[in-house]
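K.L.:
This one is start.cif, mmCIF, C-alpha atoms.
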data_final
loop_
_atom_site.label_atom_id
_atom_site.label_comp_id
_atom_site.auth_asym_id
_atom_site.auth_seq_id
_atom_site.Cartn_x
_atom_site.Cartn_y
_atom_site.Cartn_z
CA MET A 1 133.74 98.10 144.21
CA ARG A 2 131.39 101.08 144.21
CA HIS A 3 131.32 103.85 146.79
CA GLN A 4 128.76 106.48 147.71
CA GLY A 5 129.11 110.13 148.55
CA LYS A 6 127.83 113.63 147.90
CA ILE A 7 129.01 116.17 145.35
CA THR A 8 129.86 118.98 147.74
CA THR A 9 131.78 121.16 145.27
CA TRP A 10 131.01 121.66 141.58
CA LYS A 11 132.44 124.21 139.10
CA ASP A 12 130.22 123.88 136.06
CA ASP A 13 132.21 126.30 133.91
CA LYS A 14 135.29 124.13 134.40
CA GLY A 15 133.46 120.80 134.31
CA PHE A 16 134.75 119.29 137.55
CA GLY A 17 134.16 119.13 141.28
CA PHE A 18 134.70 116.99 144.37
CA ILE A 19 132.77 114.22 146.09
CA THR A 20 132.76 113.87 149.86
CA PRO A 21 132.54 110.13 150.66
CA ASN A 22 129.82 108.91 153.00
CA GLY A 23 131.39 108.54 156.42
CA GLY A 24 134.02 111.17 155.68
CA GLY A 25 137.45 110.92 154.19
CA GLU A 26 139.52 112.68 151.57
CA PRO A 27 137.44 114.47 148.87
CA VAL A 28 137.45 112.66 145.54
CA PHE A 29 137.95 114.56 142.28
CA VAL A 30 135.21 114.09 139.66
CA HIS A 31 135.26 115.28 136.05
CA VAL A 32 132.18 115.74 133.89
CA SER A 33 133.47 113.07 131.52
CA SER A 34 133.09 110.52 134.33
CA LEU A 35 129.33 111.09 134.65
CA ALA A 36 127.21 108.24 133.32
CA ASN A 37 124.40 110.69 132.54
CA ARG A 38 125.92 113.47 130.45
CA GLN A 39 122.53 115.15 130.02
CA ARG A 40 122.32 116.03 133.72
CA ARG A 41 124.77 118.56 135.09
CA PRO A 42 125.49 118.57 138.84
CA GLU A 43 124.57 121.63 140.86
CA GLY A 44 125.95 120.46 144.21
CA ASP A 45 124.68 118.26 147.07
CA GLU A 46 123.70 115.37 144.74
CA LEU A 47 124.14 111.86 146.11
CA VAL A 48 126.17 109.70 143.77
CA SER A 49 127.79 106.30 143.58
CA TYR A 50 131.16 105.86 141.90
CA GLU A 51 134.21 103.72 141.38
CA LEU A 52 137.56 104.82 142.75
CA ALA A 53 140.62 105.26 140.59
CA THR A 54 143.83 107.29 140.67
CA ASP A 55 145.31 109.65 138.13
CA ALA A 56 148.91 109.76 136.92
CA LYS A 57 149.94 111.61 140.09
CA GLY A 58 148.27 109.13 142.41
CA ARG A 59 145.34 111.39 143.33
CA LEU A 60 141.92 109.89 143.98
CA GLN A 61 139.51 110.21 141.08
CA ALA A 62 135.88 109.11 140.66
CA LYS A 63 134.89 107.05 137.62
CA ALA A 64 131.56 105.73 136.33
CA VAL A 65 129.68 108.26 138.48
CA VAL A 66 125.94 107.64 138.75
CA PHE A 67 123.37 109.83 140.47
CA VAL A 68 121.65 107.87 143.21
CA GLY A 69 118.24 106.79 141.96
CA GLU A 70 119.30 106.61 138.32
CA ARG A 71 120.24 103.46 136.49
CA ALA A 72 123.88 103.17 135.54
CA VAL A 73 124.27 103.36 131.79
CA ALA A 74 127.36 103.61 129.67
CA PRO A 75 127.95 107.22 128.63
CA ALA A 76 127.61 107.97 124.96
CA ALA A 77 130.90 108.65 123.26
CA PRO A 78 131.23 112.41 122.67
CA GLY A 79 130.92 113.51 119.09
CA ARG A 80 129.72 110.10 117.86
CA SER A 81 127.16 111.57 115.48
CA SER A 82 128.69 112.54 112.17
CA LEU A 83 125.77 114.75 111.09
CA PRO A 84 127.01 118.08 112.58
CA PRO A 85 130.52 117.80 111.05
CA LEU A 86 129.01 116.77 107.71
CA PHE A 87 126.66 119.73 107.86
CA ALA A 88 129.55 122.12 108.55
CA ALA A 89 131.68 120.60 105.79
CA GLY A 90 128.77 120.78 103.33
CA PHE A 91 128.13 124.39 104.27
CA VAL A 92 131.76 125.40 103.72
CA GLY A 93 131.81 123.53 100.41
CA TRP A 94 128.60 125.28 99.37
CA LEU A 95 130.14 128.66 100.24
CA GLY A 96 133.10 127.86 98.00
CA VAL A 97 130.86 126.86 95.09
CA MET A 98 128.72 129.99 95.45
CA ALA A 99 131.83 132.18 95.50
CA TRP A 100 133.24 130.37 92.45
CA LEU A 101 129.96 130.91 90.55
CA GLY A 102 130.00 134.59 91.45
CA ARG A 103 126.82 134.37 93.54
CA LEU A 104 128.70 135.24 96.73
CA PRO A 105 131.42 137.89 97.14
CA LEU A 106 134.82 136.54 98.08
CA ALA A 107 134.74 138.93 101.04
CA VAL A 108 131.94 136.87 102.60
CA LEU A 109 133.90 133.64 102.13
CA ALA A 110 136.95 135.31 103.67
CA LEU A 111 134.83 136.48 106.62
CA TYR A 112 133.67 132.93 107.35
CA ALA A 113 137.23 131.63 107.08
CA ALA A 114 138.64 134.31 109.38
CA ALA A 115 135.82 134.02 111.92
CA SER A 116 136.15 130.23 111.97
CA LEU A 117 139.89 130.47 112.60
CA VAL A 118 139.37 132.96 115.44
CA ALA A 119 136.62 130.79 116.96
CA PHE A 120 138.80 127.68 116.73
CA LEU A 121 141.70 129.43 118.48
CA ALA A 122 139.35 130.85 121.14
CA TYR A 123 138.00 127.38 121.96
CA GLY A 124 141.53 126.01 122.16
CA HIS A 125 142.56 128.80 124.51
CA ASP A 126 139.48 128.30 126.69
CA LYS A 127 140.08 124.56 126.92
CA SER A 128 143.69 125.17 127.97
CA ALA A 129 142.59 127.79 130.51
CA ALA A 130 140.05 125.36 132.00
CA VAL A 131 142.77 122.76 132.52
CA ARG A 132 145.14 125.33 134.07
CA ASP A 133 142.38 126.99 136.12
CA ALA A 134 143.27 130.28 134.41
CA ARG A 135 141.09 133.10 133.12
CA ARG A 136 138.44 131.71 130.75
CA VAL A 137 137.00 133.03 127.49
CA PRO A 138 133.41 134.14 128.29
CA GLU A 139 130.74 131.94 126.72
CA ARG A 140 129.07 135.01 125.21
CA THR A 141 132.31 135.72 123.33
CA LEU A 142 132.38 132.19 121.91
CA HIS A 143 128.76 132.58 120.83
CA LEU A 144 129.51 135.96 119.23
CA PHE A 145 132.26 134.40 117.11
CA ALA A 146 129.80 131.71 115.99
CA LEU A 147 127.13 134.29 115.18
CA LEU A 148 129.56 136.31 113.04
CA GLY A 149 130.29 133.27 110.86
CA GLY A 150 132.78 131.30 112.91
CA TRP A 151 130.40 128.48 113.77
CA PRO A 152 132.07 125.92 111.44
CA GLY A 153 135.42 126.48 113.16
CA ALA A 154 133.70 126.41 116.55
CA LEU A 155 132.13 123.05 115.72
CA VAL A 156 135.49 121.60 114.70
CA ALA A 157 137.01 122.86 117.95
CA GLN A 158 134.19 121.38 120.04
CA ARG A 159 134.80 117.96 118.52
CA LEU A 160 138.59 118.12 118.43
CA PHE A 161 139.06 119.48 121.96
CA ARG A 162 135.94 117.81 123.41
CA HIS A 163 135.08 121.19 124.82
CA LYS A 164 131.58 122.59 125.46
CA SER A 165 130.11 119.66 123.55
CA SER A 166 128.28 118.08 126.50
CA LYS A 167 126.84 121.22 128.13
CA ALA A 168 123.22 121.29 126.99
CA SER A 169 122.58 124.99 127.65
CA PHE A 170 125.70 126.00 125.72
CA GLN A 171 124.83 123.74 122.79
CA THR A 172 121.30 125.16 122.62
CA THR A 173 122.60 128.72 122.37
CA TYR A 174 125.31 127.65 119.92
CA TRP A 175 122.83 126.13 117.47
CA ILE A 176 120.61 129.20 117.78
CA THR A 177 123.58 131.29 116.59
CA VAL A 178 124.04 128.86 113.68
CA VAL A 179 120.41 129.27 112.63
CA LEU A 180 120.59 133.06 112.93
CA ASN A 181 123.80 133.20 110.91
CA CYS A 182 122.40 130.98 108.16
CA ALA A 183 119.23 133.09 108.08
CA ALA A 184 121.31 136.25 107.68
CA LEU A 185 123.28 134.64 104.85
CA ALA A 186 120.07 133.58 103.12
CA TRP A 187 118.89 137.19 103.28
CA LEU A 188 122.18 138.39 101.77
CA LEU A 189 121.60 136.04 98.84
CA SER A 190 118.14 137.50 98.20
CA PRO A 191 117.86 140.32 95.63
CA HIS A 192 117.39 143.01 98.27
CA GLY A 193 120.11 141.59 100.48
CA ALA A 194 122.53 141.32 97.56
CA GLN A 195 121.96 144.98 96.66
CA THR A 196 122.54 146.01 100.27
CA LEU A 197 125.74 143.96 100.46
CA GLN A 198 127.07 145.41 97.21
CA ALA A 199 126.37 148.91 98.47
CA VAL A 200 128.20 148.23 101.73
CA LEU A 201 131.21 146.70 99.93
CA ALA A 202 131.32 149.64 97.50
CA ALA A 203 131.38 152.08 100.38
CA ILE A 204 134.33 150.35 102.09
#
Would you give me this structure, written as structure tokens?
P.N.:
Amino acid sequence: MRHQGKITTWKDDKGFGFITPNGGGEPVFVHVSSLANRQRRPEGDELVSYELATDAKGRLQAKAVVFVGERAVAPAAPGRSSLPPLFAAGFVGWLGVMAWLGRLPLAVLALYAAASLVAFLAYGHDKSAAVRDARRVPERTLHLFALLGGWPGALVAQRLFRHKSSKASFQTTYWITVVLNCAALAWLLSPHGAQTLQAVLAAI
């Protein structure tokens, strides 16, 4: 049985909100993963239809939530495409080969490894904070880690934790940081960039 109501509260940074049923009643919790249309993020006051369920603690929870006026479709499984993980794995493998051939300083490889680890841990902390309603890691900080070379670790964390992977605006900025980072690396591999990098490493 489907019900109708209005999303009267929505916290986009945490990915959840509450639906007030038509005719009144107890507010119903709704999580972003329950939205049939993952490409559209609620802003508040949207009319929706939904199925009622309860969580492990017996609290009301909305499932299969559809915006009124849109056709109900099954949500795509998050992270179904294997292209981004394959791209990240290929990139890391390529870094290792370039370092082994002496075309890339080991310091650059170490930077990517360290930045990826920090980014992975930051995503894990932010996911935990979102669940506990605690202080979050700012999105600009997550993007900075990606820009500095931690984007492979960030991508793994997005898929593993299912965190920030369905927010279109975040994903757009994330992939911009990936492009900028790869462009910077390509410059470092050019003759002029290589000379600059060697001079910087020699001065450290």
K.L.:
If you count all atoms listed in the file, which residues fall within 12 Å of Leu117 (chain A), apart from same-chain ones fewer than 2 positions away, as a ChimeraX atom specification?
P.N.:
/A:110-115,119-124,145-146,148-157
K.L.:
Mind telling me what the PyMOL selection byres ((chain A and resi 49) around 6) catches here, as a list of chain:residue names?
P.N.:
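What the PyMOL selection byres ((chain A and resi 49) around 6) grabs from the file is A:His3, A:Gln4, A:Val48, A:Tyr50, A:Val65, A:Val66.
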K.L.:
What does the structure give for the distance between CA of Gln39 (chain A) and CA of Gln171 (chain A), in Å to one decimal?
P.N.:
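Distance reported for this atom pair: 11.5 Å.
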K.L.:
For Ser166 (chain A), which of A:Gly15, A:Gly102, A:Gly58, A:Pro191 is the closest residue, counting only C-alpha atoms?
P.N.:
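So, comparing all the options, the nearest one is A:Gly15.
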K.L.:
So the first atom is CA of Val131 (chain A) and the second is CA of Val68 (chain A); what is the distance between them in Å, to one decimal place?
P.N.:
28.0 Å
K.L.:
Would you fill out region 85-106 of chain A with N, CA, C and O atoms and return it as a tab-separated table (two decimals), in the frame of the given file?
P.N.:
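Once everything was written out, this is selection17.tsv:
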chain	number	residue	atom	x	y	z
A	85	PRO	N	129.34	117.52	111.87
A	85	PRO	CA	130.52	117.80	111.05
A	85	PRO	C	130.23	117.76	109.55
A	85	PRO	O	130.78	118.57	108.79
A	86	LEU	N	129.37	116.84	109.12
A	86	LEU	CA	129.01	116.77	107.71
A	86	LEU	C	128.26	118.01	107.27
A	86	LEU	O	128.46	118.53	106.17
A	87	PHE	N	127.39	118.51	108.16
A	87	PHE	CA	126.66	119.73	107.86
A	87	PHE	C	127.61	120.91	107.70
A	87	PHE	O	127.50	121.70	106.75
A	88	ALA	N	128.57	121.03	108.62
A	88	ALA	CA	129.55	122.12	108.55
A	88	ALA	C	130.40	122.02	107.29
A	88	ALA	O	130.64	123.01	106.60
A	89	ALA	N	130.86	120.79	106.98
A	89	ALA	CA	131.68	120.60	105.79
A	89	ALA	C	130.88	120.92	104.52
A	89	ALA	O	131.40	121.55	103.59
A	90	GLY	N	129.63	120.48	104.48
A	90	GLY	CA	128.77	120.78	103.33
A	90	GLY	C	128.53	122.26	103.18
A	90	GLY	O	128.50	122.79	102.06
A	91	PHE	N	128.36	122.95	104.31
A	91	PHE	CA	128.13	124.39	104.27
A	91	PHE	C	129.34	125.12	103.72
A	91	PHE	O	129.21	126.00	102.86
A	92	VAL	N	130.53	124.76	104.20
A	92	VAL	CA	131.76	125.40	103.72
A	92	VAL	C	131.96	125.11	102.23
A	92	VAL	O	132.34	126.01	101.46
A	93	GLY	N	131.69	123.87	101.82
A	93	GLY	CA	131.81	123.53	100.41
A	93	GLY	C	130.83	124.33	99.56
A	93	GLY	O	131.17	124.80	98.46
A	94	TRP	N	129.61	124.50	100.09
A	94	TRP	CA	128.60	125.28	99.37
A	94	TRP	C	129.03	126.74	99.25
A	94	TRP	O	128.84	127.36	98.19
A	95	LEU	N	129.63	127.29	100.30
A	95	LEU	CA	130.14	128.66	100.24
A	95	LEU	C	131.18	128.80	99.12
A	95	LEU	O	131.16	129.78	98.36
A	96	GLY	N	132.07	127.81	99.04
A	96	GLY	CA	133.10	127.86	98.00
A	96	GLY	C	132.51	127.82	96.61
A	96	GLY	O	132.94	128.55	95.70
A	97	VAL	N	131.51	126.97	96.41
A	97	VAL	CA	130.86	126.86	95.09
A	97	VAL	C	130.15	128.17	94.74
A	97	VAL	O	130.25	128.66	93.60
A	98	MET	N	129.43	128.74	95.70
A	98	MET	CA	128.72	129.99	95.45
A	98	MET	C	129.68	131.12	95.11
A	98	MET	O	129.41	131.96	94.24
A	99	ALA	N	130.83	131.15	95.79
A	99	ALA	CA	131.83	132.18	95.50
A	99	ALA	C	132.43	131.96	94.11
A	99	ALA	O	132.66	132.91	93.36
A	100	TRP	N	132.66	130.70	93.76
A	100	TRP	CA	133.24	130.37	92.45
A	100	TRP	C	132.28	130.73	91.31
A	100	TRP	O	132.69	131.18	90.24
A	101	LEU	N	130.97	130.58	91.56
A	101	LEU	CA	129.96	130.91	90.55
A	101	LEU	C	129.66	132.40	90.50
A	101	LEU	O	128.90	132.85	89.63
A	102	GLY	N	130.23	133.16	91.44
A	102	GLY	CA	130.00	134.59	91.45
A	102	GLY	C	128.72	135.00	92.14
A	102	GLY	O	128.34	136.18	92.11
A	103	ARG	N	128.06	134.06	92.82
A	103	ARG	CA	126.82	134.37	93.54
A	103	ARG	C	127.10	134.94	94.92
A	103	ARG	O	126.22	135.50	95.56
A	104	LEU	N	128.33	134.79	95.38
A	104	LEU	CA	128.70	135.24	96.73
A	104	LEU	C	130.04	135.95	96.65
A	104	LEU	O	131.00	135.39	96.10
A	105	PRO	N	130.13	137.16	97.17
A	105	PRO	CA	131.42	137.89	97.14
A	105	PRO	C	132.50	137.12	97.90
A	105	PRO	O	132.23	136.49	98.92
A	106	LEU	N	133.71	137.21	97.40
A	106	LEU	CA	134.82	136.54	98.08
A	106	LEU	C	135.02	137.09	99.49
A	106	LEU	O	135.54	136.38	100.36
